[in-house]
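Visitor: Once you've had a glance at the structure underneath, I'll fire off some questions.
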Amino acid sequence: MAEKHEGFTADERAAMKERAKELKAESKRASAAAKAAEAERDLLEKIAEMPPEDRLLAERFHAIVTSVAPELAPKTWYGMPAYNNKDGKPVCFFQSAAKFKSRYATIGFSDQARLDDGDLWPTSYAVADLGEAESARVAELVKRAVG
């Protein structure tokens, strides 16, 4: 018997509401500098709200992205930390495991990322830890994404 599909989950609806709230807040901000500062503040607040395991990973990801790709603008995207290019489009993002009750956190790259590698390449990565080797790999991916 086929399962009945009831539409979006409560978590998905919550993410969409967060995105609508983000867009509304962006439209009310005055200058570009104020928008950037408030967007980063919002991102850091979202990271601070995460469970400890996810928060540590998100803080490390934030540190990597802002150090290797300072041209990317930190902001939230569906309630997740994301980093936009000069056109305002997300290039990469962090999704906490708690966001959708997943087994692991995810680092993802949008179609704006320049990670193309032939006809098949990954656009998201499961993250259990960001040790030295993993951090170096993520830094390399972020550099390529904006390169």
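Each chain of the structure tokens is named A, B, ... in the order shown, its residues numbered from 1; ligands are numbered from 1 in display order.
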For A:Leu141, work out the shell of residues within 12 Å, counting only C-alpha atoms and skipping chain neighbours fewer than 6 positions away, then give it as a CSV table (one decimal) with C-alpha atoms, in the first residue's frame.

Guide:
```csv
chain,number,residue,atom,x,y,z
A,61,PHE,CA,33.0,26.1,9.2
A,64,ILE,CA,37.2,28.5,7.5
A,65,VAL,CA,34.9,30.3,5.1
A,68,VAL,CA,39.7,31.6,2.9
A,69,ALA,CA,36.8,33.4,1.1
A,91,VAL,CA,27.7,29.5,-2.6
A,92,CYS,CA,28.0,27.3,0.5
A,107,ILE,CA,28.2,21.2,4.5
A,108,GLY,CA,26.7,22.0,1.1
A,109,PHE,CA,27.5,23.9,-2.1
A,113,ALA,CA,30.0,27.0,-6.5
A,114,ARG,CA,32.6,26.3,-9.1
A,115,LEU,CA,33.2,22.7,-8.1
A,116,ASP,CA,32.4,21.1,-11.5
A,117,ASP,CA,34.5,18.0,-12.1
A,121,TRP,CA,30.6,15.7,-8.5
A,122,PRO,CA,29.4,16.0,-4.9
A,123,THR,CA,27.7,19.1,-3.7
A,124,SER,CA,27.2,18.2,-0.1
A,125,TYR,CA,29.2,16.5,2.6
A,134,GLU,CA,38.8,17.8,7.3
A,135,SER,CA,39.2,21.5,7.8
A,147,GLY,CA,37.7,30.5,-7.7
```

Visitor: As an mmCIF file with all heavy atoms, in the first residue's frame, please: all residues of stretch 59-146 of chain A that backbone DSSP puts in strand (DSSP E or B).

Guide:
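Saved file selection-v5.cif follows:
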```cif
data_model
loop_
_atom_site.group_PDB
_atom_site.id
_atom_site.type_symbol
_atom_site.label_atom_id
_atom_site.label_comp_id
_atom_site.auth_asym_id
_atom_site.auth_seq_id
_atom_site.Cartn_x
_atom_site.Cartn_y
_atom_site.Cartn_z
ATOM 1 N N ALA A 73 29.664 36.766 1.592
ATOM 2 C CA ALA A 73 28.922 37.481 2.633
ATOM 3 C C ALA A 73 28.158 36.496 3.509
ATOM 4 O O ALA A 73 27.292 35.771 3.018
ATOM 5 C CB ALA A 73 27.954 38.466 1.985
ATOM 6 N N PRO A 74 28.473 36.465 4.815
ATOM 7 C CA PRO A 74 27.735 35.577 5.724
ATOM 8 C C PRO A 74 26.303 36.066 5.920
ATOM 9 O O PRO A 74 26.059 37.265 6.060
ATOM 10 C CB PRO A 74 28.502 35.676 7.041
ATOM 11 C CG PRO A 74 29.726 36.463 6.772
ATOM 12 C CD PRO A 74 29.530 37.185 5.489
ATOM 13 N N LYS A 75 25.371 35.140 5.919
ATOM 14 C CA LYS A 75 23.966 35.449 6.203
ATOM 15 C C LYS A 75 23.233 34.149 6.470
ATOM 16 O O LYS A 75 23.798 33.083 6.302
ATOM 17 C CB LYS A 75 23.336 36.239 5.068
ATOM 18 C CG LYS A 75 23.241 35.500 3.754
ATOM 19 C CD LYS A 75 22.642 36.337 2.665
ATOM 20 C CE LYS A 75 21.225 36.687 2.988
ATOM 21 N NZ LYS A 75 20.573 37.585 2.094
ATOM 22 N N THR A 76 21.998 34.232 6.892
ATOM 23 C CA THR A 76 21.226 33.011 7.078
ATOM 24 C C THR A 76 20.423 32.725 5.817
ATOM 25 O O THR A 76 20.066 33.629 5.072
ATOM 26 C CB THR A 76 20.279 33.107 8.292
ATOM 27 O OG1 THR A 76 19.431 34.232 8.135
ATOM 28 C CG2 THR A 76 21.069 33.202 9.588
ATOM 29 N N TRP A 77 20.154 31.465 5.610
ATOM 30 C CA TRP A 77 19.412 31.007 4.443
ATOM 31 C C TRP A 77 18.572 29.834 4.912
ATOM 32 O O TRP A 77 19.112 28.794 5.282
ATOM 33 C CB TRP A 77 20.407 30.603 3.361
ATOM 34 C CG TRP A 77 19.845 30.227 2.037
ATOM 35 C CD1 TRP A 77 18.960 30.938 1.276
ATOM 36 C CD2 TRP A 77 20.174 29.052 1.289
ATOM 37 N NE1 TRP A 77 18.711 30.276 0.095
ATOM 38 C CE2 TRP A 77 19.452 29.113 0.079
ATOM 39 C CE3 TRP A 77 20.993 27.968 1.511
ATOM 40 C CZ2 TRP A 77 19.524 28.133 -0.891
ATOM 41 C CZ3 TRP A 77 21.072 26.988 0.540
ATOM 42 C CH2 TRP A 77 20.343 27.073 -0.644
ATOM 43 N N MET A 80 19.759 28.658 8.220
ATOM 44 C CA MET A 80 21.071 28.024 8.292
ATOM 45 C C MET A 80 22.153 29.034 7.941
ATOM 46 O O MET A 80 21.915 29.954 7.154
ATOM 47 C CB MET A 80 21.158 26.866 7.284
ATOM 48 C CG MET A 80 20.175 25.763 7.502
ATOM 49 S SD MET A 80 20.245 24.501 6.193
ATOM 50 C CE MET A 80 19.476 25.360 4.814
ATOM 51 N N PRO A 81 23.364 28.854 8.479
ATOM 52 C CA PRO A 81 24.477 29.709 8.060
ATOM 53 C C PRO A 81 24.785 29.468 6.584
ATOM 54 O O PRO A 81 24.891 28.325 6.141
ATOM 55 C CB PRO A 81 25.648 29.234 8.932
ATOM 56 C CG PRO A 81 25.013 28.541 10.086
ATOM 57 C CD PRO A 81 23.746 27.938 9.553
ATOM 58 N N ALA A 82 24.887 30.552 5.833
ATOM 59 C CA ALA A 82 25.208 30.472 4.408
ATOM 60 C C ALA A 82 26.134 31.620 4.051
ATOM 61 O O ALA A 82 26.243 32.601 4.790
ATOM 62 C CB ALA A 82 23.933 30.534 3.572
ATOM 63 N N TYR A 83 26.763 31.503 2.903
ATOM 64 C CA TYR A 83 27.755 32.488 2.475
ATOM 65 C C TYR A 83 27.494 32.794 1.009
ATOM 66 O O TYR A 83 27.568 31.913 0.159
ATOM 67 C CB TYR A 83 29.168 31.928 2.719
ATOM 68 C CG TYR A 83 29.324 31.578 4.191
ATOM 69 C CD1 TYR A 83 28.896 30.351 4.682
ATOM 70 C CD2 TYR A 83 29.810 32.515 5.087
ATOM 71 C CE1 TYR A 83 28.967 30.053 6.037
ATOM 72 C CE2 TYR A 83 29.893 32.224 6.444
ATOM 73 C CZ TYR A 83 29.460 30.994 6.908
ATOM 74 O OH TYR A 83 29.523 30.719 8.254
ATOM 75 N N ASN A 84 27.152 34.064 0.750
ATOM 76 C CA ASN A 84 26.706 34.486 -0.573
ATOM 77 C C ASN A 84 27.816 35.142 -1.388
ATOM 78 O O ASN A 84 28.686 35.819 -0.841
ATOM 79 C CB ASN A 84 25.553 35.478 -0.451
ATOM 80 C CG ASN A 84 24.282 34.825 0.028
ATOM 81 O OD1 ASN A 84 24.251 33.655 0.373
ATOM 82 N ND2 ASN A 84 23.217 35.594 0.055
ATOM 83 N N PRO A 90 23.652 32.202 -2.571
ATOM 84 C CA PRO A 90 24.446 31.341 -1.689
ATOM 85 C C PRO A 90 25.400 30.452 -2.486
ATOM 86 O O PRO A 90 25.021 29.887 -3.508
ATOM 87 C CB PRO A 90 23.411 30.502 -0.952
ATOM 88 C CG PRO A 90 22.132 30.689 -1.670
ATOM 89 C CD PRO A 90 22.230 31.897 -2.526
ATOM 90 N N VAL A 91 26.636 30.378 -1.997
ATOM 91 C CA VAL A 91 27.654 29.519 -2.608
ATOM 92 C C VAL A 91 27.812 28.259 -1.763
ATOM 93 O O VAL A 91 27.872 27.157 -2.275
ATOM 94 C CB VAL A 91 29.002 30.259 -2.738
ATOM 95 C CG1 VAL A 91 30.110 29.329 -3.201
ATOM 96 C CG2 VAL A 91 28.865 31.442 -3.680
ATOM 97 N N CYS A 92 27.863 28.449 -0.439
ATOM 98 C CA CYS A 92 27.996 27.308 0.453
ATOM 99 C C CYS A 92 27.184 27.563 1.720
ATOM 100 O O CYS A 92 26.833 28.698 2.024
ATOM 101 C CB CYS A 92 29.457 27.024 0.783
ATOM 102 S SG CYS A 92 30.370 28.386 1.507
ATOM 103 N N PHE A 93 26.893 26.480 2.442
ATOM 104 C CA PHE A 93 26.067 26.600 3.634
ATOM 105 C C PHE A 93 26.365 25.461 4.596
ATOM 106 O O PHE A 93 26.968 24.453 4.228
ATOM 107 C CB PHE A 93 24.574 26.604 3.278
ATOM 108 C CG PHE A 93 24.115 25.360 2.573
ATOM 109 C CD1 PHE A 93 23.663 24.266 3.295
ATOM 110 C CD2 PHE A 93 24.146 25.276 1.194
ATOM 111 C CE1 PHE A 93 23.242 23.107 2.651
ATOM 112 C CE2 PHE A 93 23.735 24.124 0.539
ATOM 113 C CZ PHE A 93 23.277 23.040 1.270
ATOM 114 N N PHE A 94 25.928 25.646 5.828
ATOM 115 C CA PHE A 94 26.036 24.625 6.862
ATOM 116 C C PHE A 94 24.629 24.293 7.324
ATOM 117 O O PHE A 94 23.829 25.184 7.585
ATOM 118 C CB PHE A 94 26.857 25.134 8.051
ATOM 119 C CG PHE A 94 26.959 24.148 9.174
ATOM 120 C CD1 PHE A 94 27.953 23.193 9.172
ATOM 121 C CD2 PHE A 94 26.045 24.161 10.223
ATOM 122 C CE1 PHE A 94 28.040 22.259 10.195
ATOM 123 C CE2 PHE A 94 26.117 23.237 11.247
ATOM 124 C CZ PHE A 94 27.127 22.277 11.235
ATOM 125 N N GLN A 95 24.340 23.003 7.429
ATOM 126 C CA GLN A 95 23.039 22.574 7.946
ATOM 127 C C GLN A 95 23.288 21.691 9.160
ATOM 128 O O GLN A 95 23.952 20.660 9.057
ATOM 129 C CB GLN A 95 22.278 21.792 6.883
ATOM 130 C CG GLN A 95 20.919 21.321 7.348
ATOM 131 C CD GLN A 95 20.188 20.589 6.245
ATOM 132 O OE1 GLN A 95 19.964 21.135 5.174
ATOM 133 N NE2 GLN A 95 19.825 19.355 6.498
ATOM 134 N N ALA A 105 25.556 16.513 10.538
ATOM 135 C CA ALA A 105 25.502 17.851 9.954
ATOM 136 C C ALA A 105 25.946 17.758 8.500
ATOM 137 O O ALA A 105 26.565 16.765 8.087
ATOM 138 C CB ALA A 105 26.410 18.795 10.729
ATOM 139 N N THR A 106 25.637 18.789 7.738
ATOM 140 C CA THR A 106 25.975 18.801 6.320
ATOM 141 C C THR A 106 26.608 20.131 5.937
ATOM 142 O O THR A 106 26.159 21.191 6.366
ATOM 143 C CB THR A 106 24.701 18.612 5.462
ATOM 144 O OG1 THR A 106 24.033 17.433 5.887
ATOM 145 C CG2 THR A 106 25.029 18.498 3.994
ATOM 146 N N ILE A 107 27.644 20.054 5.125
ATOM 147 C CA ILE A 107 28.205 21.228 4.468
ATOM 148 C C ILE A 107 27.827 21.075 2.999
ATOM 149 O O ILE A 107 28.083 20.034 2.389
ATOM 150 C CB ILE A 107 29.729 21.308 4.641
ATOM 151 C CG1 ILE A 107 30.050 21.638 6.097
ATOM 152 C CG2 ILE A 107 30.332 22.335 3.692
ATOM 153 C CD1 ILE A 107 31.529 21.588 6.435
ATOM 154 N N GLY A 108 27.178 22.103 2.462
ATOM 155 C CA GLY A 108 26.705 22.003 1.092
ATOM 156 C C GLY A 108 27.159 23.163 0.231
ATOM 157 O O GLY A 108 27.534 24.223 0.734
ATOM 158 N N PHE A 109 27.104 22.931 -1.074
ATOM 159 C CA PHE A 109 27.486 23.927 -2.067
ATOM 160 C C PHE A 109 26.363 24.036 -3.092
ATOM 161 O O PHE A 109 25.815 23.018 -3.520
ATOM 162 C CB PHE A 109 28.788 23.526 -2.762
ATOM 163 C CG PHE A 109 29.963 23.497 -1.829
ATOM 164 C CD1 PHE A 109 30.274 22.359 -1.121
ATOM 165 C CD2 PHE A 109 30.732 24.631 -1.644
ATOM 166 C CE1 PHE A 109 31.347 22.331 -0.236
ATOM 167 C CE2 PHE A 109 31.810 24.620 -0.765
ATOM 168 C CZ PHE A 109 32.116 23.465 -0.064
ATOM 169 N N SER A 124 27.352 18.134 -1.529
ATOM 170 C CA SER A 124 27.187 18.212 -0.081
ATOM 171 C C SER A 124 27.994 17.105 0.579
ATOM 172 O O SER A 124 28.273 16.065 -0.033
ATOM 173 C CB SER A 124 25.714 18.141 0.323
ATOM 174 O OG SER A 124 25.167 16.901 -0.019
ATOM 175 N N TYR A 125 28.362 17.380 1.822
ATOM 176 C CA TYR A 125 29.219 16.475 2.575
ATOM 177 C C TYR A 125 28.664 16.284 3.978
ATOM 178 O O TYR A 125 28.355 17.259 4.664
ATOM 179 C CB TYR A 125 30.632 17.060 2.674
ATOM 180 C CG TYR A 125 31.296 17.207 1.326
ATOM 181 C CD1 TYR A 125 31.029 18.310 0.513
ATOM 182 C CD2 TYR A 125 32.156 16.232 0.855
ATOM 183 C CE1 TYR A 125 31.621 18.432 -0.733
ATOM 184 C CE2 TYR A 125 32.753 16.348 -0.389
ATOM 185 C CZ TYR A 125 32.479 17.451 -1.189
ATOM 186 O OH TYR A 125 33.051 17.572 -2.426
ATOM 187 N N ALA A 126 28.569 15.037 4.416
ATOM 188 C CA ALA A 126 28.203 14.741 5.793
ATOM 189 C C ALA A 126 29.402 15.095 6.663
ATOM 190 O O ALA A 126 30.548 14.832 6.291
ATOM 191 C CB ALA A 126 27.876 13.263 5.933
ATOM 192 N N VAL A 127 29.132 15.715 7.818
ATOM 193 C CA VAL A 127 30.226 16.146 8.692
ATOM 194 C C VAL A 127 29.982 15.640 10.109
ATOM 195 O O VAL A 127 28.985 15.988 10.742
ATOM 196 C CB VAL A 127 30.325 17.692 8.738
ATOM 197 C CG1 VAL A 127 31.503 18.109 9.594
ATOM 198 C CG2 VAL A 127 30.444 18.265 7.357
#
```

Visitor: Enter the distance from atom CA of A:Ala15 to atom CA of A:Tyr78, in Å, rounded to one decimal.

Guide: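 Answer for the atom CA of A:Ala15 to atom CA of A:Tyr78 separation: 5.0 Å.
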
Visitor: Could you pull the residues within 9 Å of stretch 10-14 of chain A, counting only C-alpha atoms, minus those fewer than 4 positions along the same chain, as a PyMOL selection string?

Guide: chain A and resi 18-19+78-79+99-101

Visitor: Taking only stretch 65-144 of chain A into account, list the residues labelled helix (DSSP H, G or I) by DSSP (computed from the backbone), as a list in words.

Guide: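 Assigned to helix (DSSP H, G or I), within stretch 65-144 of chain A: Val65, Thr66, Ser67, Val68, Glu132, Ala133, Glu134, Ser135, Ala136, Arg137, Val138, Ala139, Glu140, Leu141, Val142, Lys143 and Arg144 of chain A.
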
Visitor: Rounded to one decimal place, report the atom CA of A:Ala36-atom CA of A:Glu140 distance in Å.

Guide: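 About the pair atom CA of A:Ala36 and atom CA of A:Glu140: they are 24.8 Å apart.
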
Visitor: Set the distance at 9 Å and use only C-alpha atoms: which residues neighbour A:Leu56 once local chain neighbours fewer than 5 positions away are removed? I'd like the list as a PDB file with all heavy atoms, in the first residue's frame.

Guide:
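part-v3.pdb, written as the output of this step:
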```pdb
ATOM      1  N   ILE A  47      23.954  30.192  14.863  1.00  0.00           N
ATOM      2  CA  ILE A  47      24.972  29.234  15.292  1.00  0.00           C
ATOM      3  C   ILE A  47      24.908  29.051  16.802  1.00  0.00           C
ATOM      4  O   ILE A  47      24.952  27.924  17.306  1.00  0.00           O
ATOM      5  CB  ILE A  47      26.378  29.669  14.833  1.00  0.00           C
ATOM      6  CG1 ILE A  47      26.504  29.542  13.309  1.00  0.00           C
ATOM      7  CG2 ILE A  47      27.463  28.855  15.544  1.00  0.00           C
ATOM      8  CD1 ILE A  47      27.805  30.083  12.730  1.00  0.00           C
ATOM      9  N   MET A  50      22.368  26.561  18.152  1.00  0.00           N
ATOM     10  CA  MET A  50      22.504  25.148  17.808  1.00  0.00           C
ATOM     11  C   MET A  50      22.927  24.317  19.015  1.00  0.00           C
ATOM     12  O   MET A  50      23.569  24.823  19.936  1.00  0.00           O
ATOM     13  CB  MET A  50      23.550  24.974  16.698  1.00  0.00           C
ATOM     14  CG  MET A  50      23.150  25.548  15.382  1.00  0.00           C
ATOM     15  SD  MET A  50      24.480  25.317  14.170  1.00  0.00           S
ATOM     16  CE  MET A  50      23.795  26.222  12.796  1.00  0.00           C
ATOM     17  N   PRO A  51      22.602  23.021  18.988  1.00  0.00           N
ATOM     18  CA  PRO A  51      23.116  22.122  20.031  1.00  0.00           C
ATOM     19  C   PRO A  51      24.648  22.148  20.002  1.00  0.00           C
ATOM     20  O   PRO A  51      25.250  22.428  18.953  1.00  0.00           O
ATOM     21  CB  PRO A  51      22.584  20.751  19.616  1.00  0.00           C
ATOM     22  CG  PRO A  51      21.456  21.017  18.689  1.00  0.00           C
ATOM     23  CD  PRO A  51      21.751  22.329  18.030  1.00  0.00           C
ATOM     24  N   PHE A  61      33.264  25.866  10.609  1.00  0.00           N
ATOM     25  CA  PHE A  61      32.969  26.138   9.200  1.00  0.00           C
ATOM     26  C   PHE A  61      32.978  27.643   8.938  1.00  0.00           C
ATOM     27  O   PHE A  61      33.562  28.102   7.957  1.00  0.00           O
ATOM     28  CB  PHE A  61      31.619  25.518   8.819  1.00  0.00           C
ATOM     29  CG  PHE A  61      31.260  25.684   7.369  1.00  0.00           C
ATOM     30  CD1 PHE A  61      32.034  25.108   6.373  1.00  0.00           C
ATOM     31  CD2 PHE A  61      30.141  26.407   6.986  1.00  0.00           C
ATOM     32  CE1 PHE A  61      31.710  25.247   5.028  1.00  0.00           C
ATOM     33  CE2 PHE A  61      29.802  26.555   5.659  1.00  0.00           C
ATOM     34  CZ  PHE A  61      30.587  25.975   4.675  1.00  0.00           C
ATOM     35  N   ASP A 129      32.951  15.557  12.181  1.00  0.00           N
ATOM     36  CA  ASP A 129      33.997  16.290  12.882  1.00  0.00           C
ATOM     37  C   ASP A 129      34.735  17.146  11.859  1.00  0.00           C
ATOM     38  O   ASP A 129      34.773  16.812  10.678  1.00  0.00           O
ATOM     39  CB  ASP A 129      34.965  15.325  13.563  1.00  0.00           C
ATOM     40  CG  ASP A 129      35.949  16.020  14.491  1.00  0.00           C
ATOM     41  OD1 ASP A 129      35.652  17.155  14.933  1.00  0.00           O
ATOM     42  OD2 ASP A 129      37.011  15.439  14.777  1.00  0.00           O
ATOM     43  N   LEU A 130      35.282  18.245  12.316  1.00  0.00           N
ATOM     44  CA  LEU A 130      36.116  19.088  11.455  1.00  0.00           C
ATOM     45  C   LEU A 130      37.492  19.214  12.104  1.00  0.00           C
ATOM     46  O   LEU A 130      37.859  20.262  12.610  1.00  0.00           O
ATOM     47  CB  LEU A 130      35.482  20.469  11.252  1.00  0.00           C
ATOM     48  CG  LEU A 130      34.451  20.583  10.153  1.00  0.00           C
ATOM     49  CD1 LEU A 130      33.841  21.979  10.117  1.00  0.00           C
ATOM     50  CD2 LEU A 130      35.032  20.242   8.794  1.00  0.00           C
TER      51      LEU A 130
END
```

Visitor: In Å, with one decimal, what is the gap from atom CA of A:Lys24 to atom CA of A:Ser67?

Guide: 28.9 Å
